[in-house]
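Peer 1: I have a structure here, written as structure tokens, and I will follow up with some questions on it.
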Amino acid sequence: MGAGFNGQTVLLRDGENALGMACNTLIDINTLSDELPILIAGPTASGKSALALEIAERRGGRIINADALQVYDGWRILTARPSEAEEARAPHALYGQVPFDGDYSTGQWLREVMPLLTAGPRPIILGGTGLNFAALTEGLADIPPTPPAIRARADALPLAAMLADLDREDPVIAGRIDRANPMRVQRAWEVLRATGRPLSDWQADTPAPALPLAACQPLLLEAEPGWLNARIETRFDQMLEAGALDEARAVLPQWDSAKGARKAIGAPELIAHLRGELSLAAAREAAIIGSRQYAKRQRTWFRARMGNWRRISANRA
């Protein structure tokens, strides 16, 4: 069993997400402050949305998205965005507001979330994108947007080439970045080329955070890998049953012009199936593997960067 607040261990009644998956999260939500903002982080499929909705309904608050992919219009099922019925049960913000072929960054998310910290209901901010939480609670350098021409150059470069440039020109970032994460490597390379300054220099000038951890209630859902892997497989099958393939078919005409929306887990595989390049069974298997690998990367980030967050068990021990 996982420990709740004030030394208590309490099983929150089973919540369910839009796909009907139970969340057996161990936490006594009655001990949470009604005033301080709540942050909920955790790997994909760990039950963050169910917990946030339960807190919002029982203790009040507005649910604010901190996931980098649930911001895109067109991906409700595949990114496990709250359903329309769930959105009707409590106030929600920053879900599906970015056009499918639009671009979006952590800086843009931070600018959009900041007014919501002081206006309206108490914020309940949740997601699996660690960088967004780091920007919110640790601060984010105000780096200018990447020009389209440099973004196009980066898109055409192999990962190894960008890493070689970073090793030579920004060894500080090269030494601490997740070198297997193409999004993080490309971002560092783009900043270097667009601004003429290493990303490490920009980060050294980071301003004070918008929401320090001491001013909120940070919760980190932890899940046993075997339990989470089984849940990921079940959830993807439920996504297929709920119409994820139809959702992919609807965005297929925009796929080649999409930017960040292309990174949705399972999206490239379903698009490949629709184009006759993969069987549905092969697309399903690849998507599940990709989702499990993503969850593993999330857990690694959380262990390294969220040591001061309160750990909450997402499954029965």
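Going through the structure tokens in order, the chains are called A, B, and so on, while each chain numbers its residues from 1 and the ligands are numbered from 1 in the order shown.
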Give me every strand (DSSP E or B) residue in region 101-170 of chain A, going by DSSP on the backbone, as number ranges by chain.
Peer 2: A: 123-127
Peer 1: Using only C-alpha atoms, please write the residues we just selected to a file, as a PDB file, in the first residue's frame.
Peer 2:
```
ATOM      1  CA  PRO A 123      -5.853  25.182 -10.171  1.00  0.00           C
ATOM      2  CA  ILE A 124      -5.492  21.397 -10.406  1.00  0.00           C
ATOM      3  CA  ILE A 125      -2.712  21.006 -12.967  1.00  0.00           C
ATOM      4  CA  LEU A 126      -1.994  17.551 -14.327  1.00  0.00           C
ATOM      5  CA  GLY A 127      -0.025  15.821 -17.036  1.00  0.00           C
TER       6      GLY A 127
END
```
Peer 1: Near Ala180 (chain A), counting only C-alpha atoms, which residues have an atom at most 10 Å away, once you skip same-chain residues fewer than 5 positions from it, shown as a PyMOL selection string?
Peer 2: chain A and resi 159-160+163+185+297
Peer 1: For those residues, write N, CA and C atoms to a file as a compact mmCIF listing (two decimals), in the first residue's frame.
Peer 2:
```txt
# COMPACT_ATOMS: atom_id res chain seq x y z
N LEU A 159 19.72 12.71 -35.71
CA LEU A 159 19.97 12.96 -34.30
C LEU A 159 21.48 13.04 -34.00
N ALA A 160 22.25 12.14 -34.61
CA ALA A 160 23.69 12.10 -34.35
C ALA A 160 24.38 13.41 -34.74
N LEU A 163 23.59 16.03 -32.09
CA LEU A 163 24.35 15.75 -30.88
C LEU A 163 25.82 16.14 -31.03
N VAL A 185 16.84 16.95 -27.86
CA VAL A 185 18.07 17.25 -28.60
C VAL A 185 17.79 18.32 -29.65
N ARG A 297 10.51 6.34 -19.94
CA ARG A 297 11.24 7.60 -19.96
C ARG A 297 10.64 8.59 -18.96
```
Peer 1: Find, counting only C-alpha atoms, the residue in A:Val113, A:Ala90, A:Met306, A:Ala286 that gets nearest to Glu233 (chain A).
Peer 2: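 Closest to Glu233 (chain A) of all the choices is A:Ala286.
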Peer 1: Which neighbours of Ala250 (chain A) fall inside 12 Å, counting only C-alpha atoms, when residues of the same chain fewer than 3 positions from it are skipped, and could you give them as a PyMOL selection string?
Peer 2: chain A and resi 73-76+100+243-247+253-255+267+270-271+274
Peer 1: For those residues, write N, CA and C atoms to a file as an mmCIF file, in the first residue's frame.
Peer 2:
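Saved result, part_15.cif, follows:
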```
data_model
loop_
_atom_site.group_PDB
_atom_site.id
_atom_site.type_symbol
_atom_site.label_atom_id
_atom_site.label_comp_id
_atom_site.auth_asym_id
_atom_site.auth_seq_id
_atom_site.Cartn_x
_atom_site.Cartn_y
_atom_site.Cartn_z
ATOM 1 N N ASP A 73 -6.104 19.889 -31.056
ATOM 2 C CA ASP A 73 -7.416 19.540 -31.575
ATOM 3 C C ASP A 73 -7.264 18.334 -32.504
ATOM 4 N N GLY A 74 -8.214 17.433 -32.467
ATOM 5 C CA GLY A 74 -8.159 16.263 -33.338
ATOM 6 C C GLY A 74 -7.765 14.998 -32.621
ATOM 7 N N TRP A 75 -7.073 15.121 -31.497
ATOM 8 C CA TRP A 75 -6.645 13.948 -30.735
ATOM 9 C C TRP A 75 -7.354 13.927 -29.388
ATOM 10 N N ARG A 76 -8.587 13.532 -29.342
ATOM 11 C CA ARG A 76 -9.235 13.362 -28.044
ATOM 12 C C ARG A 76 -9.049 11.935 -27.550
ATOM 13 N N PHE A 100 -4.589 21.308 -35.101
ATOM 14 C CA PHE A 100 -3.846 20.071 -35.329
ATOM 15 C C PHE A 100 -2.522 20.324 -36.038
ATOM 16 N N GLY A 243 -12.832 4.355 -31.225
ATOM 17 C CA GLY A 243 -12.779 5.095 -32.477
ATOM 18 C C GLY A 243 -11.476 5.787 -32.784
ATOM 19 N N ALA A 244 -10.365 5.348 -32.189
ATOM 20 C CA ALA A 244 -9.078 5.994 -32.448
ATOM 21 C C ALA A 244 -8.687 5.917 -33.923
ATOM 22 N N LEU A 245 -9.043 4.813 -34.575
ATOM 23 C CA LEU A 245 -8.705 4.683 -35.988
ATOM 24 C C LEU A 245 -9.501 5.686 -36.827
ATOM 25 N N ASP A 246 -10.749 5.902 -36.483
ATOM 26 C CA ASP A 246 -11.551 6.915 -37.185
ATOM 27 C C ASP A 246 -10.986 8.308 -36.935
ATOM 28 N N GLU A 247 -10.501 8.534 -35.728
ATOM 29 C CA GLU A 247 -9.884 9.814 -35.399
ATOM 30 C C GLU A 247 -8.643 10.042 -36.270
ATOM 31 N N PRO A 253 -5.688 13.850 -43.842
ATOM 32 C CA PRO A 253 -5.361 14.889 -44.841
ATOM 33 C C PRO A 253 -4.415 15.960 -44.315
ATOM 34 N N GLN A 254 -4.351 16.156 -42.996
ATOM 35 C CA GLN A 254 -3.481 17.177 -42.418
ATOM 36 C C GLN A 254 -2.167 16.603 -41.887
ATOM 37 N N TRP A 255 -2.011 15.304 -41.974
ATOM 38 C CA TRP A 255 -0.887 14.658 -41.297
ATOM 39 C C TRP A 255 0.459 15.199 -41.740
ATOM 40 N N ALA A 267 -0.008 7.466 -32.966
ATOM 41 C CA ALA A 267 -0.462 8.170 -34.165
ATOM 42 C C ALA A 267 0.296 7.747 -35.431
ATOM 43 N N LEU A 270 -0.923 4.265 -36.541
ATOM 44 C CA LEU A 270 -2.268 4.207 -37.122
ATOM 45 C C LEU A 270 -2.297 4.864 -38.496
ATOM 46 N N ILE A 271 -1.554 5.942 -38.664
ATOM 47 C CA ILE A 271 -1.471 6.576 -39.984
ATOM 48 C C ILE A 271 -0.824 5.612 -40.989
ATOM 49 N N LEU A 274 -3.364 3.152 -42.074
ATOM 50 C CA LEU A 274 -4.327 3.731 -43.014
ATOM 51 C C LEU A 274 -3.720 3.906 -44.402
#
```
Peer 1: In Å, rounded to a single decimal, give me how far CA of Gly107 (chain A) is from CA of Ile38 (chain A).
Peer 2: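 Calculated distance between CA of Ile38 (chain A) and CA of Gly107 (chain A) is 20.5 Å.
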Peer 1: Between A:Met114, A:Ala230, A:Ala154, A:Gly128, which has the minimum distance to Arg299 (chain A) (counting only C-alpha atoms)?
Peer 2: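 Going through A:Met114, A:Ala230, A:Ala154, A:Gly128 one by one, the smallest distance to Arg299 (chain A) is for A:Gly128.
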Peer 1: Could you pull out all residues of region 7-244 of chain A with a DSSP call of helix (DSSP H, G or I) and give them as an MDAnalysis selection string?
Peer 2: chainID A and resid 7 29:31 48:59 84:89 106:117 130:138 148:156 159:169 171:176 182:195 199:204 213:215 225:242 244
Peer 1: Convert the current residue selection to file output with C-alpha atoms, as a JSON list (two decimals), in the first residue's frame.
Peer 2:
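File result_1.json, as written:
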```json
[["chain", "number", "residue", "atom", "x", "y", "z"],
["A", 7, "GLY", "CA", 0.86, 9.31, 7.41],
["A", 29, "ILE", "CA", -8.07, 13.77, -0.52],
["A", 30, "ASN", "CA", -9.84, 15.15, 2.56],
["A", 31, "THR", "CA", -6.43, 16.18, 3.89],
["A", 48, "LYS", "CA", -4.02, 11.24, -13.32],
["A", 49, "SER", "CA", -7.24, 12.45, -14.96],
["A", 50, "ALA", "CA", -9.48, 10.29, -12.75],
["A", 51, "LEU", "CA", -7.77, 11.59, -9.62],
["A", 52, "ALA", "CA", -7.96, 15.21, -10.75],
["A", 53, "LEU", "CA", -11.66, 14.90, -11.55],
["A", 54, "GLU", "CA", -12.36, 13.30, -8.18],
["A", 55, "ILE", "CA", -10.58, 16.13, -6.37],
["A", 56, "ALA", "CA", -12.30, 18.82, -8.45],
["A", 57, "GLU", "CA", -15.76, 17.36, -7.79],
["A", 58, "ARG", "CA", -15.26, 16.77, -4.08],
["A", 59, "ARG", "CA", -12.99, 19.67, -3.12],
["A", 84, "GLU", "CA", -17.16, 15.90, -23.14],
["A", 85, "ALA", "CA", -19.07, 14.27, -20.28],
["A", 86, "GLU", "CA", -16.04, 14.58, -17.98],
["A", 87, "GLU", "CA", -15.48, 18.19, -18.98],
["A", 88, "ALA", "CA", -19.08, 18.90, -17.99],
["A", 89, "ARG", "CA", -18.45, 17.59, -14.46],
["A", 106, "THR", "CA", 6.59, 24.79, -23.19],
["A", 107, "GLY", "CA", 6.99, 28.56, -23.22],
["A", 108, "GLN", "CA", 3.59, 29.00, -24.86],
["A", 109, "TRP", "CA", 2.02, 26.63, -22.33],
["A", 110, "LEU", "CA", 3.56, 28.57, -19.44],
["A", 111, "ARG", "CA", 2.24, 31.87, -20.81],
["A", 112, "GLU", "CA", -1.25, 30.40, -21.12],
["A", 113, "VAL", "CA", -1.29, 28.79, -17.68],
["A", 114, "MET", "CA", -0.01, 31.79, -15.71],
["A", 115, "PRO", "CA", -3.29, 33.81, -15.76],
["A", 116, "LEU", "CA", -5.13, 30.67, -14.61],
["A", 117, "LEU", "CA", -3.02, 30.52, -11.43],
["A", 130, "GLY", "CA", 7.86, 16.78, -16.95],
["A", 131, "LEU", "CA", 9.30, 19.78, -18.77],
["A", 132, "ASN", "CA", 6.06, 21.72, -18.33],
["A", 133, "PHE", "CA", 6.09, 21.10, -14.59],
["A", 134, "ALA", "CA", 9.77, 22.04, -14.40],
["A", 135, "ALA", "CA", 9.04, 25.32, -16.20],
["A", 136, "LEU", "CA", 6.16, 26.05, -13.85],
["A", 137, "THR", "CA", 7.90, 25.23, -10.56],
["A", 138, "GLU", "CA", 11.54, 26.02, -11.39],
["A", 148, "PRO", "CA", 10.72, 28.25, -39.56],
["A", 149, "ALA", "CA", 13.87, 27.98, -41.67],
["A", 150, "ILE", "CA", 15.93, 26.72, -38.72],
["A", 151, "ARG", "CA", 13.13, 24.35, -37.68],
["A", 152, "ALA", "CA", 13.17, 22.92, -41.22],
["A", 153, "ARG", "CA", 16.94, 22.42, -41.05],
["A", 154, "ALA", "CA", 16.60, 20.66, -37.72],
["A", 155, "ASP", "CA", 13.82, 18.42, -39.02],
["A", 156, "ALA", "CA", 16.12, 17.28, -41.81],
["A", 159, "LEU", "CA", 19.97, 12.96, -34.30],
["A", 160, "ALA", "CA", 23.69, 12.10, -34.35],
["A", 161, "ALA", "CA", 24.54, 15.27, -36.27],
["A", 162, "MET", "CA", 22.69, 17.50, -33.81],
["A", 163, "LEU", "CA", 24.35, 15.75, -30.88],
["A", 164, "ALA", "CA", 27.78, 16.27, -32.44],
["A", 165, "ASP", "CA", 27.07, 20.01, -32.74],
["A", 166, "LEU", "CA", 25.92, 20.18, -29.13],
["A", 167, "ASP", "CA", 28.94, 18.24, -27.90],
["A", 168, "ARG", "CA", 31.16, 20.81, -29.58],
["A", 169, "GLU", "CA", 29.22, 24.05, -28.95],
["A", 171, "PRO", "CA", 28.87, 20.68, -23.84],
["A", 172, "VAL", "CA", 26.95, 21.59, -20.65],
["A", 173, "ILE", "CA", 23.59, 20.74, -22.23],
["A", 174, "ALA", "CA", 25.11, 17.83, -24.17],
["A", 175, "GLY", "CA", 26.22, 16.32, -20.88],
["A", 176, "ARG", "CA", 22.87, 16.47, -19.11],
["A", 182, "PRO", "CA", 15.00, 13.55, -30.25],
["A", 183, "MET", "CA", 12.61, 16.31, -29.10],
["A", 184, "ARG", "CA", 14.98, 17.51, -26.37],
["A", 185, "VAL", "CA", 18.07, 17.25, -28.60],
["A", 186, "GLN", "CA", 16.39, 19.14, -31.43],
["A", 187, "ARG", "CA", 15.18, 21.87, -29.08],
["A", 188, "ALA", "CA", 18.72, 22.45, -27.77],
["A", 189, "TRP", "CA", 20.12, 22.49, -31.31],
["A", 190, "GLU", "CA", 17.46, 24.93, -32.53],
["A", 191, "VAL", "CA", 18.11, 27.34, -29.66],
["A", 192, "LEU", "CA", 21.82, 27.28, -30.41],
["A", 193, "ARG", "CA", 21.31, 28.02, -34.10],
["A", 194, "ALA", "CA", 18.42, 30.48, -33.71],
["A", 195, "THR", "CA", 19.87, 32.66, -30.96],
["A", 199, "LEU", "CA", 20.66, 26.61, -24.24],
["A", 200, "SER", "CA", 22.72, 26.25, -21.06],
["A", 201, "ASP", "CA", 23.34, 30.02, -21.09],
["A", 202, "TRP", "CA", 19.63, 30.73, -21.43],
["A", 203, "GLN", "CA", 18.86, 28.35, -18.59],
["A", 204, "ALA", "CA", 21.42, 30.06, -16.37],
["A", 213, "LEU", "CA", 6.69, 23.83, -5.00],
["A", 214, "ALA", "CA", 6.36, 25.40, -1.56],
["A", 215, "ALA", "CA", 3.28, 27.26, -2.74],
["A", 225, "PRO", "CA", 5.85, -1.38, -14.24],
["A", 226, "GLY", "CA", 4.03, -4.69, -14.72],
["A", 227, "TRP", "CA", 0.71, -3.19, -13.62],
["A", 228, "LEU", "CA", 1.23, -0.12, -15.79],
["A", 229, "ASN", "CA", 2.29, -2.12, -18.88],
["A", 230, "ALA", "CA", -0.87, -4.21, -18.68],
["A", 231, "ARG", "CA", -2.95, -1.08, -18.25],
["A", 232, "ILE", "CA", -1.29, 0.56, -21.28],
["A", 233, "GLU", "CA", -2.18, -2.44, -23.46],
["A", 234, "THR", "CA", -5.77, -2.50, -22.23],
["A", 235, "ARG", "CA", -6.16, 1.23, -22.72],
["A", 236, "PHE", "CA", -4.91, 1.16, -26.30],
["A", 237, "ASP", "CA", -7.36, -1.61, -27.15],
["A", 238, "GLN", "CA", -10.12, 0.48, -25.61],
["A", 239, "MET", "CA", -8.96, 3.46, -27.67],
["A", 240, "LEU", "CA", -9.32, 1.38, -30.82],
["A", 241, "GLU", "CA", -12.79, 0.29, -29.76],
["A", 242, "ALA", "CA", -13.72, 3.91, -28.98],
["A", 244, "ALA", "CA", -9.08, 5.99, -32.45]]
```
